[in-house]
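Q: Sharing target32.cif below, mmCIF, C-alpha atoms (C1' of nucleotides):
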```cif
data_model
loop_
_atom_site.group_PDB
_atom_site.id
_atom_site.type_symbol
_atom_site.label_atom_id
_atom_site.label_comp_id
_atom_site.auth_asym_id
_atom_site.auth_seq_id
_atom_site.Cartn_x
_atom_site.Cartn_y
_atom_site.Cartn_z
ATOM 1 C CA MET A 1 33.358 -1.318 -22.536
ATOM 2 C CA PRO A 2 33.122 -4.288 -20.168
ATOM 3 C CA LEU A 3 31.605 -7.565 -21.206
ATOM 4 C CA PRO A 4 27.829 -7.285 -21.158
ATOM 5 C CA PHE A 5 27.171 -10.535 -19.321
ATOM 6 C CA ASP A 6 25.314 -8.982 -16.451
ATOM 7 C CA VAL A 7 23.122 -7.000 -18.822
ATOM 8 C CA LEU A 8 22.262 -10.114 -20.800
ATOM 9 C CA ALA A 9 21.583 -12.127 -17.682
ATOM 10 C CA GLU A 10 18.103 -10.637 -17.593
ATOM 11 C CA PRO A 11 15.634 -12.682 -19.712
ATOM 12 C CA SER A 12 13.483 -9.673 -20.593
ATOM 13 C CA ARG A 13 16.523 -7.864 -21.910
ATOM 14 C CA ARG A 14 17.509 -10.822 -24.087
ATOM 15 C CA ARG A 15 13.933 -10.889 -25.319
ATOM 16 C CA ILE A 16 14.250 -7.239 -26.272
ATOM 17 C CA LEU A 17 17.377 -7.963 -28.285
ATOM 18 C CA ASP A 18 15.643 -10.842 -30.028
ATOM 19 C CA LEU A 19 12.774 -8.555 -30.976
ATOM 20 C CA LEU A 20 15.121 -5.831 -32.175
ATOM 21 C CA LEU A 21 16.951 -8.377 -34.266
ATOM 22 C CA GLU A 22 13.931 -8.496 -36.568
ATOM 23 C CA ARG A 23 13.454 -4.747 -36.826
ATOM 24 C CA PRO A 24 13.556 -1.521 -34.801
ATOM 25 C CA ARG A 25 10.682 -1.159 -32.369
ATOM 26 C CA LEU A 26 8.849 1.425 -30.332
ATOM 27 C CA VAL A 27 8.773 1.217 -26.562
ATOM 28 C CA GLY A 28 5.056 0.525 -26.728
ATOM 29 C CA GLU A 29 5.525 -2.515 -28.943
ATOM 30 C CA LEU A 30 8.222 -3.896 -26.698
ATOM 31 C CA THR A 31 6.100 -3.331 -23.608
ATOM 32 C CA GLU A 32 3.271 -5.266 -25.160
ATOM 33 C CA GLN A 33 5.479 -8.143 -26.273
ATOM 34 C CA LEU A 34 7.200 -8.415 -22.921
ATOM 35 C CA GLY A 35 4.083 -8.268 -20.806
ATOM 36 C CA LEU A 36 5.736 -5.766 -18.508
ATOM 37 C CA SER A 37 4.684 -2.333 -17.363
ATOM 38 C CA GLN A 38 5.868 0.517 -19.549
ATOM 39 C CA PRO A 39 8.259 1.836 -16.884
ATOM 40 C CA GLY A 40 9.663 -1.654 -16.501
ATOM 41 C CA THR A 41 10.424 -1.775 -20.198
ATOM 42 C CA SER A 42 11.971 1.685 -20.103
ATOM 43 C CA LYS A 43 14.255 0.676 -17.282
ATOM 44 C CA HIS A 44 15.527 -2.308 -19.200
ATOM 45 C CA LEU A 45 16.038 -0.142 -22.259
ATOM 46 C CA ARG A 46 18.082 2.278 -20.209
ATOM 47 C CA VAL A 47 20.359 -0.530 -19.061
ATOM 48 C CA LEU A 48 20.725 -1.782 -22.615
ATOM 49 C CA ARG A 49 21.455 1.745 -23.818
ATOM 50 C CA GLU A 50 24.135 2.341 -21.205
ATOM 51 C CA ALA A 51 25.726 -0.963 -22.146
ATOM 52 C CA GLY A 52 25.775 0.134 -25.774
ATOM 53 C CA LEU A 53 23.562 -2.714 -26.901
ATOM 54 C CA VAL A 54 20.828 -0.493 -28.338
ATOM 55 C CA ARG A 55 20.505 3.037 -29.642
ATOM 56 C CA VAL A 56 17.506 5.319 -29.922
ATOM 57 C CA ARG A 57 16.222 7.362 -32.798
ATOM 58 C CA GLN A 58 13.706 9.952 -31.749
ATOM 59 C CA ASP A 59 10.710 10.623 -33.978
ATOM 60 C CA ALA A 60 8.432 13.226 -32.397
ATOM 61 C CA GLN A 61 7.080 11.601 -29.215
ATOM 62 C CA ARG A 62 8.092 8.161 -30.365
ATOM 63 C CA ARG A 63 11.453 6.487 -29.828
ATOM 64 C CA TRP A 64 12.650 3.838 -32.195
ATOM 65 C CA TYR A 65 15.011 1.428 -30.513
ATOM 66 C CA GLU A 66 17.459 -0.478 -32.637
ATOM 67 C CA LEU A 67 20.244 -2.968 -32.106
ATOM 68 C CA ARG A 68 23.919 -2.057 -31.643
ATOM 69 C CA PRO A 69 25.890 -5.288 -31.944
ATOM 70 C CA GLU A 70 29.365 -4.089 -30.945
ATOM 71 C CA PRO A 71 29.177 -5.400 -27.367
ATOM 72 C CA LEU A 72 28.012 -8.739 -28.693
ATOM 73 C CA ALA A 73 31.096 -8.837 -30.863
ATOM 74 C CA GLU A 74 33.200 -8.427 -27.731
ATOM 75 C CA LEU A 75 31.310 -11.246 -26.114
ATOM 76 C CA ASP A 76 32.084 -13.289 -29.187
ATOM 77 C CA ALA A 77 35.756 -12.460 -28.803
ATOM 78 C CA TRP A 78 35.662 -13.699 -25.208
ATOM 79 C CA LEU A 79 34.003 -16.914 -26.304
ATOM 80 C CA ALA A 80 36.669 -17.402 -28.945
ATOM 81 C CA HIS A 81 39.158 -18.432 -26.276
ATOM 82 C CA TYR A 82 36.983 -21.410 -25.467
ATOM 83 C CA ARG A 83 35.722 -22.269 -28.902
ATOM 84 C CA HIS A 84 38.407 -24.806 -29.718
ATOM 85 C CA LEU A 85 37.004 -26.961 -26.936
ATOM 86 C CA TRP A 86 33.920 -27.892 -28.906
ATOM 87 C CA THR A 87 34.612 -27.214 -32.559
ATOM 88 C CA GLY A 88 36.762 -30.254 -33.167
ATOM 89 C CA SER A 89 37.584 -30.441 -36.851
ATOM 90 C CA LEU A 90 37.003 -26.759 -37.380
ATOM 91 C CA ASP A 91 39.876 -26.070 -35.064
ATOM 92 C CA ALA A 92 42.320 -24.941 -37.714
ATOM 93 C CA LEU A 93 39.784 -22.639 -39.264
ATOM 94 C CA GLU A 94 39.035 -21.054 -35.907
ATOM 95 C CA ARG A 95 42.675 -20.413 -35.219
ATOM 96 C CA HIS A 96 42.956 -18.824 -38.596
ATOM 97 C CA LEU A 97 40.031 -16.505 -37.916
ATOM 98 C CA ASP A 98 41.391 -15.641 -34.496
ATOM 99 C CA ALA A 99 44.715 -14.727 -36.031
ATOM 100 C CA MET A 100 42.953 -12.551 -38.572
ATOM 101 C CA GLU A 101 41.212 -10.768 -35.749
ATOM 102 C CA ASP A 102 44.563 -9.824 -34.254
ATOM 103 C CA ASP A 103 45.950 -8.753 -37.598
ATOM 104 C CA PRO A 104 43.148 -8.002 -40.058
ATOM 105 C CA ARG A 105 44.109 -6.792 -43.484
ATOM 106 C CA MET B 1 19.873 -26.622 -20.382
ATOM 107 C CA PRO B 2 19.082 -22.924 -20.307
ATOM 108 C CA LEU B 3 21.560 -20.333 -21.479
ATOM 109 C CA PRO B 4 24.171 -19.741 -18.782
ATOM 110 C CA PHE B 5 24.109 -15.953 -18.919
ATOM 111 C CA ASP B 6 23.247 -15.451 -15.288
ATOM 112 C CA VAL B 7 25.957 -17.862 -14.221
ATOM 113 C CA LEU B 8 28.552 -16.043 -16.310
ATOM 114 C CA ALA B 9 27.411 -12.637 -15.101
ATOM 115 C CA GLU B 10 29.530 -13.154 -11.996
ATOM 116 C CA PRO B 11 33.147 -12.005 -12.529
ATOM 117 C CA SER B 12 34.615 -14.546 -10.102
ATOM 118 C CA ARG B 13 32.911 -17.346 -11.978
ATOM 119 C CA ARG B 14 34.287 -16.132 -15.308
ATOM 120 C CA ARG B 15 37.674 -15.971 -13.618
ATOM 121 C CA ILE B 16 37.280 -19.591 -12.572
ATOM 122 C CA LEU B 17 36.532 -20.607 -16.144
ATOM 123 C CA ASP B 18 39.571 -18.697 -17.364
ATOM 124 C CA LEU B 19 41.728 -20.522 -14.843
ATOM 125 C CA LEU B 20 40.258 -23.894 -15.755
ATOM 126 C CA LEU B 21 40.898 -23.140 -19.391
ATOM 127 C CA GLU B 22 44.616 -23.610 -18.708
ATOM 128 C CA ARG B 23 44.290 -26.811 -16.704
ATOM 129 C CA PRO B 24 42.146 -28.524 -14.067
ATOM 130 C CA ARG B 25 42.510 -27.058 -10.603
ATOM 131 C CA LEU B 26 41.876 -27.847 -6.970
ATOM 132 C CA VAL B 27 39.465 -25.791 -4.908
ATOM 133 C CA GLY B 28 42.383 -24.555 -2.862
ATOM 134 C CA GLU B 29 44.220 -23.174 -5.892
ATOM 135 C CA LEU B 30 41.112 -21.428 -7.134
ATOM 136 C CA THR B 31 40.457 -19.957 -3.717
ATOM 137 C CA GLU B 32 43.941 -18.524 -3.618
ATOM 138 C CA GLN B 33 43.748 -17.089 -7.140
ATOM 139 C CA LEU B 34 40.357 -15.525 -6.556
ATOM 140 C CA GLY B 35 41.162 -14.001 -3.211
ATOM 141 C CA LEU B 36 37.882 -15.267 -1.838
ATOM 142 C CA SER B 37 37.091 -17.363 1.191
ATOM 143 C CA GLN B 38 37.071 -21.086 0.573
ATOM 144 C CA PRO B 39 33.299 -21.373 1.094
ATOM 145 C CA GLY B 40 32.813 -18.527 -1.315
ATOM 146 C CA THR B 41 34.749 -20.414 -3.953
ATOM 147 C CA SER B 42 32.806 -23.595 -3.255
ATOM 148 C CA LYS B 43 29.517 -21.790 -3.701
ATOM 149 C CA HIS B 44 30.568 -20.498 -7.084
ATOM 150 C CA LEU B 45 31.745 -23.947 -8.055
ATOM 151 C CA ARG B 46 28.384 -25.374 -7.102
ATOM 152 C CA VAL B 47 26.636 -22.886 -9.371
ATOM 153 C CA LEU B 48 29.017 -23.685 -12.208
ATOM 154 C CA ARG B 49 28.508 -27.396 -11.642
ATOM 155 C CA GLU B 50 24.722 -27.154 -11.687
ATOM 156 C CA ALA B 51 24.954 -25.142 -14.886
ATOM 157 C CA GLY B 52 27.077 -27.894 -16.418
ATOM 158 C CA LEU B 53 30.043 -25.599 -16.951
ATOM 159 C CA VAL B 54 32.443 -27.632 -14.828
ATOM 160 C CA ARG B 55 32.778 -31.199 -13.636
ATOM 161 C CA VAL B 56 34.571 -32.649 -10.648
ATOM 162 C CA ARG B 57 36.938 -35.559 -10.397
ATOM 163 C CA GLN B 58 37.462 -36.735 -6.844
ATOM 164 C CA ASP B 59 40.940 -37.772 -5.756
ATOM 165 C CA ALA B 60 40.975 -38.698 -2.067
ATOM 166 C CA GLN B 61 40.128 -35.519 -0.171
ATOM 167 C CA ARG B 62 40.913 -33.392 -3.178
ATOM 168 C CA ARG B 63 38.528 -32.398 -5.947
ATOM 169 C CA TRP B 64 39.863 -31.570 -9.370
ATOM 170 C CA TYR B 65 37.592 -29.164 -11.195
ATOM 171 C CA GLU B 66 37.684 -29.093 -14.964
ATOM 172 C CA LEU B 67 35.921 -27.281 -17.754
ATOM 173 C CA ARG B 68 32.803 -28.550 -19.523
ATOM 174 C CA PRO B 69 32.312 -26.398 -22.590
ATOM 175 C CA GLU B 70 28.881 -27.618 -23.766
ATOM 176 C CA PRO B 71 26.929 -24.713 -22.277
ATOM 177 C CA LEU B 72 29.380 -22.310 -23.867
ATOM 178 C CA ALA B 73 28.633 -23.927 -27.182
ATOM 179 C CA GLU B 74 24.957 -23.176 -26.642
ATOM 180 C CA LEU B 75 25.832 -19.608 -25.859
ATOM 181 C CA ASP B 76 27.774 -19.544 -29.094
ATOM 182 C CA ALA B 77 24.712 -20.825 -30.918
ATOM 183 C CA TRP B 78 22.653 -18.012 -29.452
ATOM 184 C CA LEU B 79 25.243 -15.472 -30.525
ATOM 185 C CA ALA B 80 25.227 -16.911 -34.020
ATOM 186 C CA HIS B 81 21.859 -15.290 -34.680
ATOM 187 C CA TYR B 82 23.473 -11.901 -34.221
ATOM 188 C CA ARG B 83 26.866 -12.569 -35.741
ATOM 189 C CA HIS B 84 26.012 -11.410 -39.246
ATOM 190 C CA LEU B 85 25.563 -7.918 -37.777
ATOM 191 C CA TRP B 86 29.275 -7.418 -37.294
ATOM 192 C CA THR B 87 31.100 -9.954 -39.461
ATOM 193 C CA GLY B 88 30.640 -8.123 -42.731
ATOM 194 C CA SER B 89 32.564 -9.925 -45.409
ATOM 195 C CA LEU B 90 32.599 -13.200 -43.517
ATOM 196 C CA ASP B 91 28.846 -13.272 -43.781
ATOM 197 C CA ALA B 92 28.635 -15.999 -46.354
ATOM 198 C CA LEU B 93 30.996 -18.204 -44.387
ATOM 199 C CA GLU B 94 28.955 -17.761 -41.252
ATOM 200 C CA ARG B 95 25.768 -18.751 -42.994
ATOM 201 C CA HIS B 96 27.515 -21.790 -44.322
ATOM 202 C CA LEU B 97 28.677 -22.837 -40.861
ATOM 203 C CA ASP B 98 25.229 -22.223 -39.421
ATOM 204 C CA ALA B 99 23.706 -24.428 -42.051
ATOM 205 C CA MET B 100 26.225 -27.149 -41.236
ATOM 206 C CA GLU B 101 25.198 -26.954 -37.630
ATOM 207 C CA ASP B 102 21.617 -27.777 -38.571
ATOM 208 C CA ASP B 103 22.702 -30.607 -40.820
ATOM 209 C CA PRO B 104 26.159 -31.869 -39.831
ATOM 210 C CA ARG B 105 27.492 -34.790 -41.731
ATOM 211 C "C1'" DG C 1 -2.484 27.130 -24.911
ATOM 212 C "C1'" DG C 2 -4.684 23.100 -23.131
ATOM 213 C "C1'" DA C 3 -5.413 18.257 -23.769
ATOM 214 C "C1'" DG C 4 -3.587 13.975 -24.914
ATOM 215 C "C1'" DC C 5 0.170 10.783 -26.167
ATOM 216 C "C1'" DA C 6 4.670 8.337 -25.765
ATOM 217 C "C1'" DC C 7 8.139 7.693 -22.972
ATOM 218 C "C1'" DA C 8 11.396 8.553 -18.909
ATOM 219 C "C1'" DT C 9 12.205 9.049 -14.039
ATOM 220 C "C1'" DT C 10 11.263 8.565 -9.127
ATOM 221 C "C1'" DC C 11 9.885 6.173 -5.102
ATOM 222 C "C1'" DC C 12 9.032 2.209 -2.673
ATOM 223 C "C1'" DC C 13 8.942 -2.644 -1.809
ATOM 224 C "C1'" DT C 14 10.578 -7.222 -2.029
ATOM 225 C "C1'" DT C 15 13.545 -10.846 -3.308
ATOM 226 C "C1'" DG C 16 17.773 -13.004 -4.474
ATOM 227 C "C1'" DC C 17 22.604 -13.172 -4.493
ATOM 228 C "C1'" DG C 18 27.385 -12.691 -3.098
ATOM 229 C "C1'" DG C 19 30.096 -12.495 0.908
ATOM 230 C "C1'" DT C 20 31.760 -14.197 5.461
ATOM 231 C "C1'" DT C 21 31.889 -17.101 9.808
ATOM 232 C "C1'" DA C 22 30.919 -21.265 11.808
ATOM 233 C "C1'" DT C 23 30.113 -26.064 11.374
ATOM 234 C "C1'" DA C 24 29.701 -30.646 9.067
ATOM 235 C "C1'" DT C 25 31.688 -34.434 6.233
ATOM 236 C "C1'" DA C 26 34.998 -37.441 4.544
ATOM 237 C "C1'" DA C 27 39.487 -39.141 3.659
ATOM 238 C "C1'" DC C 28 44.359 -39.591 4.787
ATOM 239 C "C1'" DT C 29 48.261 -40.081 8.345
ATOM 240 C "C1'" DC C 30 50.514 -41.740 12.168
ATOM 241 C "C1'" DG D 1 41.196 -43.783 16.500
ATOM 242 C "C1'" DA D 2 42.737 -38.954 17.112
ATOM 243 C "C1'" DG D 3 44.295 -35.282 14.596
ATOM 244 C "C1'" DT D 4 44.705 -32.977 10.254
ATOM 245 C "C1'" DT D 5 43.580 -31.736 5.585
ATOM 246 C "C1'" DA D 6 40.346 -30.625 1.814
ATOM 247 C "C1'" DT D 7 36.008 -29.415 0.679
ATOM 248 C "C1'" DA D 8 30.959 -28.796 1.283
ATOM 249 C "C1'" DT D 9 26.921 -27.033 3.677
ATOM 250 C "C1'" DA D 10 24.373 -23.956 6.881
ATOM 251 C "C1'" DA D 11 23.182 -19.737 8.850
ATOM 252 C "C1'" DC D 12 23.250 -15.045 8.596
ATOM 253 C "C1'" DC D 13 23.845 -10.327 6.667
ATOM 254 C "C1'" DG D 14 23.804 -6.353 3.399
ATOM 255 C "C1'" DC D 15 22.939 -4.639 -0.868
ATOM 256 C "C1'" DA D 16 21.600 -4.151 -5.404
ATOM 257 C "C1'" DA D 17 18.328 -5.237 -8.877
ATOM 258 C "C1'" DG D 18 13.689 -6.104 -10.794
ATOM 259 C "C1'" DG D 19 8.868 -4.944 -10.401
ATOM 260 C "C1'" DG D 20 4.858 -1.692 -10.120
ATOM 261 C "C1'" DA D 21 2.361 2.871 -9.080
ATOM 262 C "C1'" DA D 22 2.744 7.552 -9.354
ATOM 263 C "C1'" DT D 23 4.640 11.433 -11.466
ATOM 264 C "C1'" DG D 24 7.488 14.211 -14.693
ATOM 265 C "C1'" DT D 25 8.843 15.718 -19.515
ATOM 266 C "C1'" DG D 26 8.371 16.881 -24.115
ATOM 267 C "C1'" DC D 27 5.987 16.752 -28.352
ATOM 268 C "C1'" DT D 28 1.707 17.181 -31.292
ATOM 269 C "C1'" DC D 29 -2.707 18.647 -32.599
ATOM 270 C "C1'" DC D 30 -6.732 21.077 -32.446
#
```
The structure in this file should be written as structure tokens.
A:
Amino acid sequence: MPLPFDVLAEPSRRRILDLLLERPRLVGELTEQLGLSQPGTSKHLRVLREAGLVRVRQDAQRRWYELRPEPLAELDAWLAHYRHLWTGSLDALERHLDAMEDDPR
Amino acid sequence: MPLPFDVLAEPSRRRILDLLLERPRLVGELTEQLGLSQPGTSKHLRVLREAGLVRVRQDAQRRWYELRPEPLAELDAWLAHYRHLWTGSLDALERHLDAMEDDPR
DNA sequence: GGAGCACATTCCCTTGCGGTTATATAACTC
DNA sequence: GAGTTATATAACCGCAAGGGAATGTGCTCC
């Protein structure tokens, strides 16, 4: 699974994630919140799905979309390489956590 | 400063940041490493500069590019809202660090 | 089983972005 | 000051991505 930067580059898609962070949502709700057409919303949801950032639960004609944070965790891992540049005094702690990530237990 | 997602969506630009993570570099070095044309590299560097992700130090005809991590820190702050979704047992620690961020001291 | 609802897919258009080639700028060298 | 080096800018091209309108799909309910 590649880093989802290009998927997250789209503001509407980040908005969707923010909304799903509160609770699962129907496509209709998301469409309304985003101010897009329904097909527009569906297209973004497809991209998010294929990137593994959301999953769907079908309920009759409705589809509940919910968050899948794994790709964000990978993004976090990428960021970890840079984190020491701004954390300052937390440096030692960060290194500790990074080490744990390599060898959890 | 908006979140630099769109800037980081470009693989060559992430590559540049990775290279600058080791040490500052000249445009020529970066061009060689990236396998791009020199103008191509310069265009990416301009985007990175305008996003605040790199800064330049001029040295005669040469320009040393170096990392500026502030925008990455903002990205990290954005990610923080989602982090509890995958950290599990580190949850309490995360919340503690987030609180510190609001009220450092 | 036909109508209506919720959502996905298709088609088409437009815009923006990454890439290259060619050219400009600015500093050093002799 | 002419040539060379290092980088930036300009001009142009091709393509992919976002947007909407129209249409397809599948489920429910009467």
Q: Provide the CA of Pro24 (chain B) to CA of Tyr65 (chain B) distance in Å, to one decimal place.
A: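 One can read the CA of Pro24 (chain B) to CA of Tyr65 (chain B) distance as 5.4 Å.
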Q: Provide the CA of Leu34 (chain B) to CA of Arg15 (chain B) distance in Å, to one decimal place.
A: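 Interatomic distance here is 7.6 Å.
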Q: Quick check on the file I pasted: which residues fall under the PyMOL selection byres ((chain A) within 7 of (chain D))? Write them as a ChimeraX atom specification.
A: /A:40,60-61
Q: Return the neighbours of chain B among the residues of chain A, cut-off 6 Å, counting all atoms listed in the file, as a list in words.
A: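 Interface list for chain A against chain B: Phe5, Asp6 and Ala9 of chain A.
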Q: My list of candidates is A:Val27, A:Ala51, A:Ile16, A:Ala77. Which is closest to chain C when distances are computed with only C-alpha atoms (C1' of nucleotides)?
A: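 Checking each of A:Val27, A:Ala51, A:Ile16, A:Ala77 against chain C, counting only C-alpha atoms (C1' of nucleotides), the winner is A:Val27.
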Q: Please, which residues in chain C fall within 10 Å of chain A when counting only C-alpha atoms (C1' of nucleotides), and what is the closest atom pair and distance in Å to one decimal for each, ordered by chain then residue number, as a Markdown table?
A:
```
| residue | atom | partner | partner_atom | distance |
| --- | --- | --- | --- | --- |
| C:DC5 | C1' | A:Gln61 | CA | 7.6 |
| C:DA6 | C1' | A:Gln61 | CA | 5.3 |
| C:DC7 | C1' | A:Arg62 | CA | 7.4 |
| C:DA8 | C1' | A:Ser42 | CA | 7.0 |
| C:DT9 | C1' | A:Pro39 | CA | 8.7 |
```
Q: One number please: CA of Leu20 (chain A) to CA of Met1 (chain A), in Å, one decimal.
A: 21.1 Å
Q: From the structure block, carefully write chain D out with C-alpha atoms (C1' of nucleotides); format it as a short mmCIF file (atom, residue, chain, number, x, y, z; two decimals), in the first residue's frame.
A:
```
data_model
loop_
_atom_site.label_atom_id
_atom_site.label_comp_id
_atom_site.auth_asym_id
_atom_site.auth_seq_id
_atom_site.Cartn_x
_atom_site.Cartn_y
_atom_site.Cartn_z
"C1'" DG D 1 35.03 41.60 -20.77
"C1'" DA D 2 34.35 37.02 -22.93
"C1'" DG D 3 33.46 32.54 -21.77
"C1'" DT D 4 31.75 29.26 -18.50
"C1'" DT D 5 29.10 27.53 -14.67
"C1'" DA D 6 24.92 27.21 -11.80
"C1'" DT D 7 20.36 28.08 -11.50
"C1'" DA D 8 15.88 30.26 -12.66
"C1'" DT D 9 12.18 31.48 -15.82
"C1'" DA D 10 9.38 31.09 -20.09
"C1'" DA D 11 6.94 28.75 -23.51
"C1'" DC D 12 4.85 24.79 -24.93
"C1'" DC D 13 2.80 20.09 -24.76
"C1'" DG D 14 0.21 15.96 -23.12
"C1'" DC D 15 -2.32 13.82 -19.82
"C1'" DA D 16 -4.78 12.86 -15.86
"C1'" DA D 17 -7.95 14.45 -12.49
"C1'" DG D 18 -12.02 16.96 -10.75
"C1'" DG D 19 -16.61 18.52 -11.89
"C1'" DG D 20 -21.45 17.93 -13.61
"C1'" DA D 21 -25.38 15.71 -16.38
"C1'" DA D 22 -27.21 11.59 -17.75
"C1'" DT D 23 -27.80 6.88 -17.01
"C1'" DG D 24 -27.36 2.30 -14.77
"C1'" DT D 25 -28.02 -0.93 -10.71
"C1'" DG D 26 -30.04 -2.90 -6.87
"C1'" DC D 27 -33.06 -2.75 -3.05
"C1'" DT D 28 -37.64 -1.76 -0.79
"C1'" DC D 29 -42.42 -1.11 -0.42
"C1'" DC D 30 -46.93 -1.06 -1.73
#
```
